[in-house]
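J.: Following this line is my_file.pdb, made up of PDB, C-alpha atoms:
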```pdb
ATOM      1  CA  MET A   1      99.460  32.722  53.889
ATOM      2  CA  PRO A   2      98.942  36.500  53.956
ATOM      3  CA  SER A   3     100.552  38.258  51.025
ATOM      4  CA  GLU A   4     102.563  40.628  53.221
ATOM      5  CA  TYR A   5     104.095  37.678  55.056
ATOM      6  CA  THR A   6     105.154  35.946  51.840
ATOM      7  CA  ALA A   7     106.690  39.213  50.645
ATOM      8  CA  LEU A   8     108.610  39.455  53.919
ATOM      9  CA  VAL A   9     109.933  35.897  53.634
ATOM     10  CA  ALA A  10     110.961  36.484  50.013
ATOM     11  CA  ALA A  11     112.819  39.689  50.913
ATOM     12  CA  LEU A  12     114.630  38.069  53.855
ATOM     13  CA  LYS A  13     115.689  35.117  51.712
ATOM     14  CA  LEU A  14     117.662  37.509  49.482
ATOM     15  CA  CYS A  15     119.917  38.459  52.440
ATOM     16  CA  SER A  16     123.163  36.638  53.109
ATOM     17  CA  THR A  17     122.059  35.535  56.610
ATOM     18  CA  PRO A  18     120.284  32.161  56.447
ATOM     19  CA  ILE A  19     116.573  32.234  57.311
ATOM     20  CA  ALA A  20     114.067  29.470  58.001
ATOM     21  CA  GLU A  21     110.312  29.532  58.420
ATOM     22  CA  TYR A  22     109.076  27.937  61.649
ATOM     23  CA  GLY A  23     112.466  27.033  63.129
ATOM     24  CA  TRP A  24     115.433  24.882  62.143
ATOM     25  CA  LYS A  25     115.784  21.123  62.002
ATOM     26  CA  ALA A  26     119.551  21.609  62.336
ATOM     27  CA  ARG A  27     120.996  24.886  63.568
ATOM     28  CA  PRO A  28     123.489  26.605  61.260
ATOM     29  CA  GLU A  29     126.828  28.036  62.375
ATOM     30  CA  GLY A  30     127.127  31.792  62.923
ATOM     31  CA  ALA A  31     124.256  34.232  62.670
ATOM     32  CA  TYR A  32     120.840  32.996  61.574
ATOM     33  CA  ARG A  33     117.189  34.054  61.584
ATOM     34  CA  THR A  34     113.807  32.426  61.860
ATOM     35  CA  ILE A  35     110.421  33.839  60.879
ATOM     36  CA  GLN A  36     106.976  32.566  61.748
ATOM     37  CA  LEU A  37     103.324  33.553  61.993
ATOM     38  CA  ASP A  38     102.313  33.177  65.631
ATOM     39  CA  PHE A  39      98.544  33.610  65.761
ATOM     40  CA  GLU A  40      95.608  35.504  64.327
ATOM     41  CA  ALA A  41      95.647  38.919  65.951
ATOM     42  CA  GLY A  42      92.170  40.051  64.953
ATOM     43  CA  SER A  43      89.577  40.242  62.256
ATOM     44  CA  LEU A  44      87.035  42.682  60.939
ATOM     45  CA  ASP A  45      83.644  40.992  60.887
ATOM     46  CA  ALA A  46      80.898  42.083  58.535
ATOM     47  CA  ASP A  47      77.544  40.348  58.126
ATOM     48  CA  GLY A  48      78.793  37.082  59.582
ATOM     49  CA  TRP A  49      81.851  37.043  57.318
ATOM     50  CA  LYS A  50      85.460  37.768  58.069
ATOM     51  CA  ALA A  51      85.965  40.849  55.925
ATOM     52  CA  ASP A  52      89.609  41.355  56.846
ATOM     53  CA  ARG A  53      92.054  39.294  58.872
ATOM     54  CA  ALA A  54      95.262  40.254  60.628
ATOM     55  CA  TRP A  55      98.065  37.995  61.833
ATOM     56  CA  GLU A  56     100.830  38.543  64.324
ATOM     57  CA  GLY A  57     104.217  37.032  63.686
ATOM     58  CA  SER A  58     107.814  37.315  64.779
ATOM     59  CA  ILE A  59     111.343  37.329  63.444
ATOM     60  CA  ASP A  60     114.060  35.923  65.689
ATOM     61  CA  GLN A  61     117.709  36.617  65.032
ATOM     62  CA  TYR A  62     120.548  34.726  66.726
ATOM     63  CA  TYR A  63     124.170  35.718  66.410
ATOM     64  CA  PRO A  64     127.416  34.899  68.220
ATOM     65  CA  LYS A  65     129.259  37.512  70.216
ATOM     66  CA  LEU A  66     131.752  38.877  67.713
ATOM     67  CA  THR A  67     129.344  39.800  64.911
ATOM     68  CA  ASP A  68     128.692  43.266  63.566
ATOM     69  CA  ARG A  69     125.188  43.262  64.917
ATOM     70  CA  ASP A  70     124.185  46.765  63.826
ATOM     71  CA  ASP A  71     124.305  45.718  60.170
ATOM     72  CA  LEU A  72     122.220  42.596  60.844
ATOM     73  CA  ASN A  73     119.586  44.506  62.795
ATOM     74  CA  GLU A  74     119.374  47.329  60.283
ATOM     75  CA  GLU A  75     118.883  44.874  57.444
ATOM     76  CA  VAL A  76     115.828  43.323  59.108
ATOM     77  CA  GLU A  77     114.371  46.643  60.199
ATOM     78  CA  GLU A  78     114.710  48.205  56.764
ATOM     79  CA  ILE A  79     112.917  45.248  55.162
ATOM     80  CA  LEU A  80     110.148  45.386  57.781
ATOM     81  CA  THR A  81     109.629  49.103  57.235
ATOM     82  CA  GLU A  82     109.626  48.724  53.476
ATOM     83  CA  ILE A  83     106.948  46.019  53.445
ATOM     84  CA  LEU A  84     104.849  46.665  56.560
ATOM     85  CA  GLY A  85     105.259  50.387  57.197
ATOM     86  CA  ASN A  86     105.116  50.984  60.936
ATOM     87  CA  SER A  87     103.269  47.852  62.070
ATOM     88  CA  TRP A  88     106.294  46.220  63.693
ATOM     89  CA  SER A  89     108.344  46.683  66.833
ATOM     90  CA  LEU A  90     111.507  45.427  68.490
ATOM     91  CA  ASN A  91     110.154  43.148  71.198
ATOM     92  CA  SER A  92     113.182  41.895  73.103
ATOM     93  CA  THR A  93     116.926  41.455  73.123
ATOM     94  CA  GLN A  94     118.482  38.783  75.282
ATOM     95  CA  TYR A  95     121.672  36.839  75.852
ATOM     96  CA  GLU A  96     121.821  33.063  76.192
ATOM     97  CA  SER A  97     124.597  32.254  78.606
ATOM     98  CA  GLY A  98     124.445  28.549  77.776
ATOM     99  CA  THR A  99     125.160  28.862  74.059
ATOM    100  CA  GLY A 100     126.753  32.329  74.028
ATOM    101  CA  LEU A 101     124.278  33.606  71.454
ATOM    102  CA  PHE A 102     122.520  36.947  71.375
ATOM    103  CA  HIS A 103     118.820  36.808  70.513
ATOM    104  CA  VAL A 104     116.847  39.726  69.040
ATOM    105  CA  GLU A 105     113.109  39.444  68.492
ATOM    106  CA  TRP A 106     110.874  41.600  66.304
ATOM    107  CA  VAL A 107     107.087  41.384  66.341
ATOM    108  CA  PHE A 108     104.980  42.420  63.380
ATOM    109  CA  GLN A 109     101.339  42.405  62.322
ATOM    110  CA  CYS A 110     100.434  41.762  58.721
ATOM    111  CA  VAL A 111      97.305  41.538  56.587
ATOM    112  CA  ASP A 112      96.398  39.863  53.339
ATOM    113  CA  THR A 113      96.133  42.584  50.721
ATOM    114  CA  PRO A 114      94.369  41.343  47.598
ATOM    115  CA  GLU A 115      96.138  42.217  44.402
ATOM    116  CA  GLU A 116      94.232  44.929  42.603
ATOM    117  CA  PRO A 117      95.055  46.491  39.306
ATOM    118  CA  ALA A 118      96.618  49.707  40.557
ATOM    119  CA  PRO A 119      95.056  52.763  38.954
ATOM    120  CA  GLU A 120      97.684  54.774  37.133
ATOM    121  CA  PRO A 121      96.485  58.378  37.389
ATOM    122  CA  GLU A 122      99.119  60.031  35.271
ATOM    123  CA  GLY A 123     102.431  59.356  33.566
ATOM    124  CA  GLU A 124     102.938  57.122  30.583
ATOM    125  CA  GLY A 125     104.245  54.181  32.581
ATOM    126  CA  GLY A 126     107.799  55.409  32.203
ATOM    127  CA  ASP A 127     109.121  54.500  35.646
ATOM    128  CA  ASP A 128     108.212  50.859  36.141
ATOM    129  CA  ASP A 129     110.423  49.383  38.810
ATOM    130  CA  GLY A 130     109.262  45.883  38.106
ATOM    131  CA  VAL A 131     107.752  45.658  41.613
ATOM    132  CA  GLN A 132     104.153  45.293  40.530
ATOM    133  CA  ASP A 133     103.201  42.618  38.097
ATOM    134  CA  ASP A 134      99.829  43.261  36.572
ATOM    135  CA  GLY A 135      98.047  40.429  34.923
TER
ATOM    136  CA  MET B   1      68.904  99.539  82.775
ATOM    137  CA  ALA B   2      70.434  96.917  84.916
ATOM    138  CA  TYR B   3      69.597  93.269  84.551
ATOM    139  CA  ARG B   4      70.105  90.558  87.072
ATOM    140  CA  MET B   5      70.369  86.946  86.030
ATOM    141  CA  THR B   6      70.103  84.026  88.401
ATOM    142  CA  VAL B   7      71.392  80.571  87.479
ATOM    143  CA  ASP B   8      70.323  77.692  89.647
ATOM    144  CA  GLY B   9      72.703  74.910  90.410
ATOM    145  CA  LEU B  10      75.922  76.639  89.408
ATOM    146  CA  THR B  11      77.467  76.130  92.829
ATOM    147  CA  GLU B  12      76.492  72.470  92.674
ATOM    148  CA  PHE B  13      78.092  72.191  89.259
ATOM    149  CA  SER B  14      81.359  73.713  90.409
ATOM    150  CA  GLY B  15      81.262  71.397  93.415
ATOM    151  CA  LEU B  16      80.840  68.454  91.080
ATOM    152  CA  LEU B  17      83.813  69.534  88.989
ATOM    153  CA  ASP B  18      85.925  69.780  92.141
ATOM    154  CA  LYS B  19      84.826  66.345  93.263
ATOM    155  CA  LEU B  20      85.482  64.762  89.851
ATOM    156  CA  GLY B  21      88.962  66.261  89.798
ATOM    157  CA  ASN B  22      89.752  64.940  93.260
ATOM    158  CA  SER B  23      88.440  61.440  92.636
ATOM    159  CA  ALA B  24      89.912  60.959  89.151
ATOM    160  CA  GLN B  25      92.852  58.954  90.488
ATOM    161  CA  SER B  26      90.769  56.597  92.579
ATOM    162  CA  VAL B  27      88.384  56.038  89.648
ATOM    163  CA  ALA B  28      91.350  55.270  87.395
ATOM    164  CA  SER B  29      92.789  52.883  89.978
ATOM    165  CA  GLN B  30      89.501  51.003  90.276
ATOM    166  CA  ALA B  31      89.264  50.608  86.510
ATOM    167  CA  LEU B  32      92.887  49.528  86.238
ATOM    168  CA  TYR B  33      92.392  46.993  89.036
ATOM    169  CA  GLU B  34      89.558  45.398  87.091
ATOM    170  CA  GLY B  35      91.413  45.449  83.758
ATOM    171  CA  ALA B  36      94.635  44.081  85.223
ATOM    172  CA  GLY B  37      92.752  41.203  86.823
ATOM    173  CA  MET B  38      91.140  40.272  83.517
ATOM    174  CA  MET B  39      94.484  40.430  81.711
ATOM    175  CA  ALA B  40      96.253  38.267  84.320
ATOM    176  CA  GLU B  41      93.455  35.713  84.046
ATOM    177  CA  ALA B  42      93.801  35.644  80.256
ATOM    178  CA  ILE B  43      97.569  35.061  80.516
ATOM    179  CA  ASN B  44      97.111  32.231  83.027
ATOM    180  CA  LYS B  45      94.566  30.635  80.723
ATOM    181  CA  GLY B  46      97.056  30.931  77.866
ATOM    182  CA  ALA B  47      99.643  29.040  79.924
ATOM    183  CA  GLU B  48      97.314  26.042  80.012
ATOM    184  CA  ALA B  49      97.640  25.681  76.241
ATOM    185  CA  ILE B  50     101.456  25.309  76.178
ATOM    186  CA  LYS B  51     102.470  22.273  74.129
ATOM    187  CA  THR B  52     104.916  19.877  75.792
ATOM    188  CA  GLU B  53     107.004  16.809  75.046
ATOM    189  CA  PRO B  54     109.115  14.546  77.304
ATOM    190  CA  PHE B  55     112.437  16.169  78.178
ATOM    191  CA  HIS B  56     115.402  15.622  75.868
ATOM    192  CA  TYR B  57     118.431  17.701  74.944
ATOM    193  CA  ALA B  58     117.999  19.514  71.615
ATOM    194  CA  ARG B  59     121.394  18.875  70.037
ATOM    195  CA  GLU B  60     120.298  19.633  66.452
ATOM    196  CA  GLY B  61     117.069  21.584  66.135
ATOM    197  CA  THR B  62     114.639  22.863  68.748
ATOM    198  CA  ARG B  63     112.602  21.155  71.431
ATOM    199  CA  LEU B  64     109.309  21.783  73.205
ATOM    200  CA  PRO B  65     109.159  22.443  76.955
ATOM    201  CA  SER B  66     108.897  19.423  79.233
ATOM    202  CA  PRO B  67     105.741  18.783  81.310
ATOM    203  CA  GLU B  68     107.706  19.723  84.462
ATOM    204  CA  GLU B  69     108.544  23.143  83.010
ATOM    205  CA  LYS B  70     104.913  23.708  82.059
ATOM    206  CA  ALA B  71     103.773  22.722  85.565
ATOM    207  CA  ILE B  72     106.089  25.373  87.062
ATOM    208  CA  VAL B  73     104.652  28.103  84.794
ATOM    209  CA  GLU B  74     101.078  27.076  85.551
ATOM    210  CA  ALA B  75     101.723  26.994  89.302
ATOM    211  CA  ALA B  76     103.436  30.407  89.275
ATOM    212  CA  SER B  77     100.617  32.341  87.491
ATOM    213  CA  ALA B  78     100.943  35.937  86.324
ATOM    214  CA  GLY B  79     101.021  38.577  89.032
ATOM    215  CA  ILE B  80     100.029  42.256  89.125
ATOM    216  CA  ALA B  81     102.606  44.778  90.291
ATOM    217  CA  LYS B  82     101.884  47.445  92.910
ATOM    218  CA  PHE B  83     100.078  50.396  91.307
ATOM    219  CA  ASP B  84     102.378  53.306  90.550
ATOM    220  CA  LYS B  85     100.251  56.410  91.062
ATOM    221  CA  GLY B  86     101.833  59.380  89.325
ATOM    222  CA  ALA B  87     100.599  62.957  88.965
ATOM    223  CA  ASP B  88      98.342  62.222  86.000
ATOM    224  CA  SER B  89      98.561  58.472  85.500
ATOM    225  CA  VAL B  90      98.225  55.124  87.251
ATOM    226  CA  ASP B  91     100.520  52.364  85.990
ATOM    227  CA  THR B  92     101.012  48.709  86.675
ATOM    228  CA  SER B  93     102.622  45.721  84.997
ATOM    229  CA  ILE B  94     101.437  42.146  84.696
ATOM    230  CA  GLY B  95     103.774  39.217  84.400
ATOM    231  CA  PHE B  96     106.099  36.742  86.033
ATOM    232  CA  ARG B  97     108.856  39.168  87.042
ATOM    233  CA  ASN B  98     108.678  38.450  90.769
ATOM    234  CA  ALA B  99     107.554  34.833  90.491
ATOM    235  CA  GLY B 100     110.579  33.554  92.390
ATOM    236  CA  TYR B 101     112.450  30.274  91.989
ATOM    237  CA  ALA B 102     111.441  26.678  91.380
ATOM    238  CA  MET B 103     113.193  23.327  91.515
ATOM    239  CA  LEU B 104     113.731  21.839  88.068
ATOM    240  CA  GLY B 105     115.308  18.427  88.449
ATOM    241  CA  ASN B 106     117.824  19.050  91.200
ATOM    242  CA  LYS B 107     118.585  22.650  90.220
ATOM    243  CA  GLU B 108     116.942  25.823  91.419
ATOM    244  CA  LYS B 109     115.910  27.932  88.402
ATOM    245  CA  PRO B 110     114.358  31.418  88.240
ATOM    246  CA  ILE B 111     110.758  31.156  87.027
ATOM    247  CA  PRO B 112     110.951  34.310  84.827
ATOM    248  CA  GLN B 113     113.768  32.633  82.895
ATOM    249  CA  ILE B 114     111.663  29.525  82.215
ATOM    250  CA  VAL B 115     108.671  31.648  81.162
ATOM    251  CA  ASN B 116     110.842  33.746  78.865
ATOM    252  CA  ALA B 117     112.361  30.670  77.237
ATOM    253  CA  ILE B 118     108.899  29.312  76.419
ATOM    254  CA  ASN B 119     107.331  32.648  75.468
ATOM    255  CA  SER B 120     110.151  34.116  73.431
ATOM    256  CA  GLY B 121     112.010  30.996  72.342
ATOM    257  CA  THR B 122     115.727  30.254  72.493
ATOM    258  CA  SER B 123     118.155  28.745  70.047
ATOM    259  CA  PHE B 124     117.179  25.321  71.381
ATOM    260  CA  MET B 125     113.518  25.802  72.364
ATOM    261  CA  GLN B 126     110.567  26.384  70.060
ATOM    262  CA  LYS B 127     108.754  29.611  70.867
ATOM    263  CA  GLN B 128     105.141  29.604  72.048
ATOM    264  CA  PRO B 129     104.196  33.251  72.653
ATOM    265  CA  PHE B 130     101.360  32.629  75.120
ATOM    266  CA  VAL B 131     101.776  35.936  76.985
ATOM    267  CA  ARG B 132     101.790  38.019  73.805
ATOM    268  CA  SER B 133      98.876  36.146  72.238
ATOM    269  CA  ALA B 134      96.802  36.439  75.426
ATOM    270  CA  SER B 135      97.451  40.170  75.750
ATOM    271  CA  THR B 136      96.768  40.888  72.068
ATOM    272  CA  LYS B 137      93.512  38.941  72.130
ATOM    273  CA  ALA B 138      92.233  40.244  75.487
ATOM    274  CA  LYS B 139      93.184  43.878  74.844
ATOM    275  CA  THR B 140      89.870  45.026  73.305
ATOM    276  CA  LYS B 141      87.803  43.249  75.952
ATOM    277  CA  VAL B 142      89.882  44.667  78.804
ATOM    278  CA  LEU B 143      89.773  48.227  77.469
ATOM    279  CA  THR B 144      85.987  48.053  77.042
ATOM    280  CA  ALA B 145      85.536  46.778  80.603
ATOM    281  CA  MET B 146      87.793  49.535  81.966
ATOM    282  CA  LYS B 147      85.894  52.195  80.044
ATOM    283  CA  GLU B 148      82.566  50.917  81.385
ATOM    284  CA  LYS B 149      83.943  50.913  84.931
ATOM    285  CA  ILE B 150      85.140  54.513  84.598
ATOM    286  CA  GLU B 151      81.797  55.651  83.202
ATOM    287  CA  SER B 152      79.773  53.949  85.932
ATOM    288  CA  SER B 153      82.035  55.400  88.655
ATOM    289  CA  PHE B 154      81.631  58.916  87.287
ATOM    290  CA  ASP B 155      77.867  58.418  87.012
ATOM    291  CA  ALA B 156      77.748  57.400  90.663
ATOM    292  CA  ILE B 157      79.715  60.505  91.710
ATOM    293  CA  THR B 158      77.472  62.789  89.644
ATOM    294  CA  LYS B 159      74.322  61.329  91.190
ATOM    295  CA  GLU B 160      75.780  61.562  94.683
ATOM    296  CA  THR B 161      76.668  65.247  94.281
ATOM    297  CA  THR B 162      73.676  66.588  92.379
ATOM    298  CA  GLY B 163      70.896  64.234  93.473
ATOM    299  CA  GLY B 164      71.728  63.760  97.141
TER
END
```
Can you dump the structure from the file as structure tokens?

T.:
Amino acid sequence: MPSEYTALVAALKLCSTPIAEYGWKARPEGAYRTIQLDFEAGSLDADGWKADRAWEGSIDQYYPKLTDRDDLNEEVEEILTEILGNSWSLNSTQYESGTGLFHVEWVFQCVDTPEEPAPEPEGEGGDDDGVQDDG
Amino acid sequence: MAYRMTVDGLTEFSGLLDKLGNSAQSVASQALYEGAGMMAEAINKGAEAIKTEPFHYAREGTRLPSPEEKAIVEAASAGIAKFDKGADSVDTSIGFRNAGYAMLGNKEKPIPQIVNAINSGTSFMQKQPFVRSASTKAKTKVLTAMKEKIESSFDAITKETTGG
């Protein structure tokens, strides 16, 4: 699993809306989300080795008609921007007449960034947010 | 003292520039025609890889498309829209938008709806993004082919004007 994808799943699990990886066995009531990696979008080859790999994945959000959808959408988009920067886009919005659910789909591309000891150029380590765990 | 300078071929060069400017749109159209064909082929090939299972209603989780649904998508095949030639661009779109209707069981269903349900997923169907995966994977190949086509067309025009 690419590290950016696991970070995304972890961040979405902290939200109040239920989320499942690779679909649901039993659908929950109300709004819910699914996240999955779809396929390998490309790789950087060097000397017969895959130097860097990229994956494309998607987040699907389903919600019934009378939900405050702006909050739900903003939540996902803020998390995507925080973790992936600009490598995501809103792919489609649609309405299922059979079930009365709205369906929003985001597509993102992520890579596996190896954890390096981040060089601390200046500052005495005063403002540690607890985001990076070295060692 | 007065000097006179003579440059050979300047009229030919300006003629070439005129000709390149006039034929830019047709060159772009030719390249786009080739690229769009390659992309449509890639999408149709992607449709062959759709996973299926015998039809059942998904009351709890999600289901895969039935073999009948897959057969409809494969028979429809992605189409290329009429080229929209603007002032400085040539645009087209590839997909199933005008694929029409098909009989599913005893009901007539729009084909774009079936394709969208498989490609994008619904609350009761597992998503298999075959259009998106085909376009992402074929993009580099298609762009390279289009670039080569444009270069060869311009080479041909240059030879025609200056050499002939």

J.: Mind pulling up the distance from atom CA of A:Ser58 to atom CA of A:Glu4?

T.: 13.1 Å

J.: Distance atom CA of A:His103-atom CA of B:Arg132, one decimal place?

T.: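 Between these atoms lies a distance of 17.4 Å.
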
J.: Skipping near chain neighbours, those fewer than 2 positions away, what residues fall within 10 Å of A:Ser16 using all atoms listed in the file, listed as a VMD selection string?

T.: chain A and resid 12 to 14 18 to 19 31 to 32 72

J.: With distances taken over all atoms listed in the file, which of A:Ser87, A:Gln94, A:Gln61, A:Thr99 is nearest to A:Glu74?

T.: A:Gln61

J.: When the cut-off is 8 Å and we count all atoms listed in the file, which residues of chain A are near chain B, given as a VMD selection string?

T.: chain A and resid 23 to 27 38 to 39 41 to 42 62 96 101 103 105

J.: Just want the 12 Å neighbourhood of B:Ser26, counted on only C-alpha atoms, with same-chain residues fewer than 2 positions away dropped. Output as a count of residues only.

T.: 23

J.: Work out how far apart atom CA of A:Val107 and atom CA of B:Tyr101 are and give it in Å to one decimal.

T.: 28.5 Å

J.: Quick one: apply the PyMOL selection byres ((chain A and resi 56) around 7) to the file and drop the selected residues here as a ChimeraX atom specification.

T.: /A:37-41,54-55,57,108-110

J.: Place a sphere of radius 10 Å on (103.9, 45.7, 83.6) in the file coordinates and name every protein, DNA or RNA residue with an atom inside or on its surface, counting only C-alpha atoms; give the answer as a ChimeraX atom specification.

T.: /B:36,79-83,91-97

J.: Please return the centre and edge lengths, in Å to one decimal, of a box with edges along x, y and z that contains all listed atoms of stretch 103-119 of chain A, widened by 4 Å on every side, as lines of an AutoDock Vina configuration file.

T.:
```
center_x = 106.5
center_y = 44.8
center_z = 54.7
size_x = 32.6
size_y = 24.0
size_z = 39.6
```

J.: Given the file above and the PyMOL selection byres ((chain A and resi 77) around 12), which residues are selected, and can you give them as a ChimeraX atom specification?

T.: /A:8,11-12,59,61,70-76,78-90,104-108

J.: Write the residues of the selection above to a file with C-alpha atoms, as a tab-separated table (two decimals), in the coordinates of the input.

T.:
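Result file result_0.tsv:
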```
chain	number	residue	atom	x	y	z
A	8	LEU	CA	108.61	39.46	53.92
A	11	ALA	CA	112.82	39.69	50.91
A	12	LEU	CA	114.63	38.07	53.86
A	59	ILE	CA	111.34	37.33	63.44
A	61	GLN	CA	117.71	36.62	65.03
A	70	ASP	CA	124.18	46.76	63.83
A	71	ASP	CA	124.30	45.72	60.17
A	72	LEU	CA	122.22	42.60	60.84
A	73	ASN	CA	119.59	44.51	62.80
A	74	GLU	CA	119.37	47.33	60.28
A	75	GLU	CA	118.88	44.87	57.44
A	76	VAL	CA	115.83	43.32	59.11
A	78	GLU	CA	114.71	48.20	56.76
A	79	ILE	CA	112.92	45.25	55.16
A	80	LEU	CA	110.15	45.39	57.78
A	81	THR	CA	109.63	49.10	57.24
A	82	GLU	CA	109.63	48.72	53.48
A	83	ILE	CA	106.95	46.02	53.44
A	84	LEU	CA	104.85	46.66	56.56
A	85	GLY	CA	105.26	50.39	57.20
A	86	ASN	CA	105.12	50.98	60.94
A	87	SER	CA	103.27	47.85	62.07
A	88	TRP	CA	106.29	46.22	63.69
A	89	SER	CA	108.34	46.68	66.83
A	90	LEU	CA	111.51	45.43	68.49
A	104	VAL	CA	116.85	39.73	69.04
A	105	GLU	CA	113.11	39.44	68.49
A	106	TRP	CA	110.87	41.60	66.30
A	107	VAL	CA	107.09	41.38	66.34
A	108	PHE	CA	104.98	42.42	63.38
```

J.: Starting from the shown file, work through the PyMOL selection byres ((chain A and resi 35) around 7) and note down what comes out as a count of residues only.

T.: 9

J.: For B:Met103, which residue among B:Val131, B:Ile50, B:Ala87, B:Ala71 is the nearest when counting only C-alpha atoms?

T.: B:Ala71

J.: If we count only C-alpha atoms, what is near B:Ile72 at a cut-off of 10 Å, once residues fewer than 5 positions away on the same chain are taken out, given as a list in words?

T.: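 In the requested format, the answer is Pro67, Ser77, Tyr101, Ala102, Met103, Leu104, Ile111, Ile114 and Val115 of chain B.
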
J.: Given the selection you just returned, output its residues as a file containing C-alpha atoms, formatted as a PDB file, in the frame of the given file.

T.:
```pdb
ATOM      1  CA  PRO B  67     105.741  18.783  81.310  1.00  0.00           C
ATOM      2  CA  SER B  77     100.617  32.341  87.491  1.00  0.00           C
ATOM      3  CA  TYR B 101     112.450  30.274  91.989  1.00  0.00           C
ATOM      4  CA  ALA B 102     111.441  26.678  91.380  1.00  0.00           C
ATOM      5  CA  MET B 103     113.193  23.327  91.515  1.00  0.00           C
ATOM      6  CA  LEU B 104     113.731  21.839  88.068  1.00  0.00           C
ATOM      7  CA  ILE B 111     110.758  31.156  87.027  1.00  0.00           C
ATOM      8  CA  ILE B 114     111.663  29.525  82.215  1.00  0.00           C
ATOM      9  CA  VAL B 115     108.671  31.648  81.162  1.00  0.00           C
TER      10      VAL B 115
END
```

J.: Which one of B:Asn44, B:Ser14, B:Gln25, B:Thr52 sits closest to B:Ile118 if you count all atoms listed in the file?

T.: B:Thr52

J.: Kindly add N, CA and C atoms to the incomplete stretch 15-26 of chain B and provide the output as a PDB file, in the frame of the given file.

T.:
```pdb
ATOM      1  N   GLY B  15      80.928  72.407  92.403  1.00  0.00           N
ATOM      2  CA  GLY B  15      81.262  71.397  93.415  1.00  0.00           C
ATOM      3  C   GLY B  15      81.509  70.044  92.789  1.00  0.00           C
ATOM      4  N   LEU B  16      80.683  69.724  91.785  1.00  0.00           N
ATOM      5  CA  LEU B  16      80.840  68.454  91.080  1.00  0.00           C
ATOM      6  C   LEU B  16      82.177  68.396  90.369  1.00  0.00           C
ATOM      7  N   LEU B  17      82.533  69.506  89.710  1.00  0.00           N
ATOM      8  CA  LEU B  17      83.813  69.534  88.989  1.00  0.00           C
ATOM      9  C   LEU B  17      84.972  69.310  89.959  1.00  0.00           C
ATOM     10  N   ASP B  18      84.889  69.960  91.123  1.00  0.00           N
ATOM     11  CA  ASP B  18      85.925  69.780  92.141  1.00  0.00           C
ATOM     12  C   ASP B  18      86.033  68.315  92.539  1.00  0.00           C
ATOM     13  N   LYS B  19      84.868  67.713  92.768  1.00  0.00           N
ATOM     14  CA  LYS B  19      84.826  66.345  93.263  1.00  0.00           C
ATOM     15  C   LYS B  19      85.371  65.376  92.198  1.00  0.00           C
ATOM     16  N   LEU B  20      84.991  65.625  90.936  1.00  0.00           N
ATOM     17  CA  LEU B  20      85.482  64.762  89.851  1.00  0.00           C
ATOM     18  C   LEU B  20      86.995  64.848  89.756  1.00  0.00           C
ATOM     19  N   GLY B  21      87.514  66.081  89.874  1.00  0.00           N
ATOM     20  CA  GLY B  21      88.962  66.261  89.798  1.00  0.00           C
ATOM     21  C   GLY B  21      89.679  65.525  90.907  1.00  0.00           C
ATOM     22  N   ASN B  22      89.095  65.581  92.125  1.00  0.00           N
ATOM     23  CA  ASN B  22      89.752  64.940  93.260  1.00  0.00           C
ATOM     24  C   ASN B  22      89.706  63.416  93.173  1.00  0.00           C
ATOM     25  N   SER B  23      88.599  62.894  92.596  1.00  0.00           N
ATOM     26  CA  SER B  23      88.440  61.440  92.636  1.00  0.00           C
ATOM     27  C   SER B  23      88.905  60.771  91.350  1.00  0.00           C
ATOM     28  N   ALA B  24      89.502  61.540  90.438  1.00  0.00           N
ATOM     29  CA  ALA B  24      89.912  60.959  89.151  1.00  0.00           C
ATOM     30  C   ALA B  24      90.884  59.803  89.360  1.00  0.00           C
ATOM     31  N   GLN B  25      91.837  59.996  90.305  1.00  0.00           N
ATOM     32  CA  GLN B  25      92.852  58.954  90.488  1.00  0.00           C
ATOM     33  C   GLN B  25      92.252  57.669  91.053  1.00  0.00           C
ATOM     34  N   SER B  26      91.330  57.819  91.997  1.00  0.00           N
ATOM     35  CA  SER B  26      90.769  56.597  92.579  1.00  0.00           C
ATOM     36  C   SER B  26      89.889  55.878  91.561  1.00  0.00           C
TER      37      SER B  26
END
```
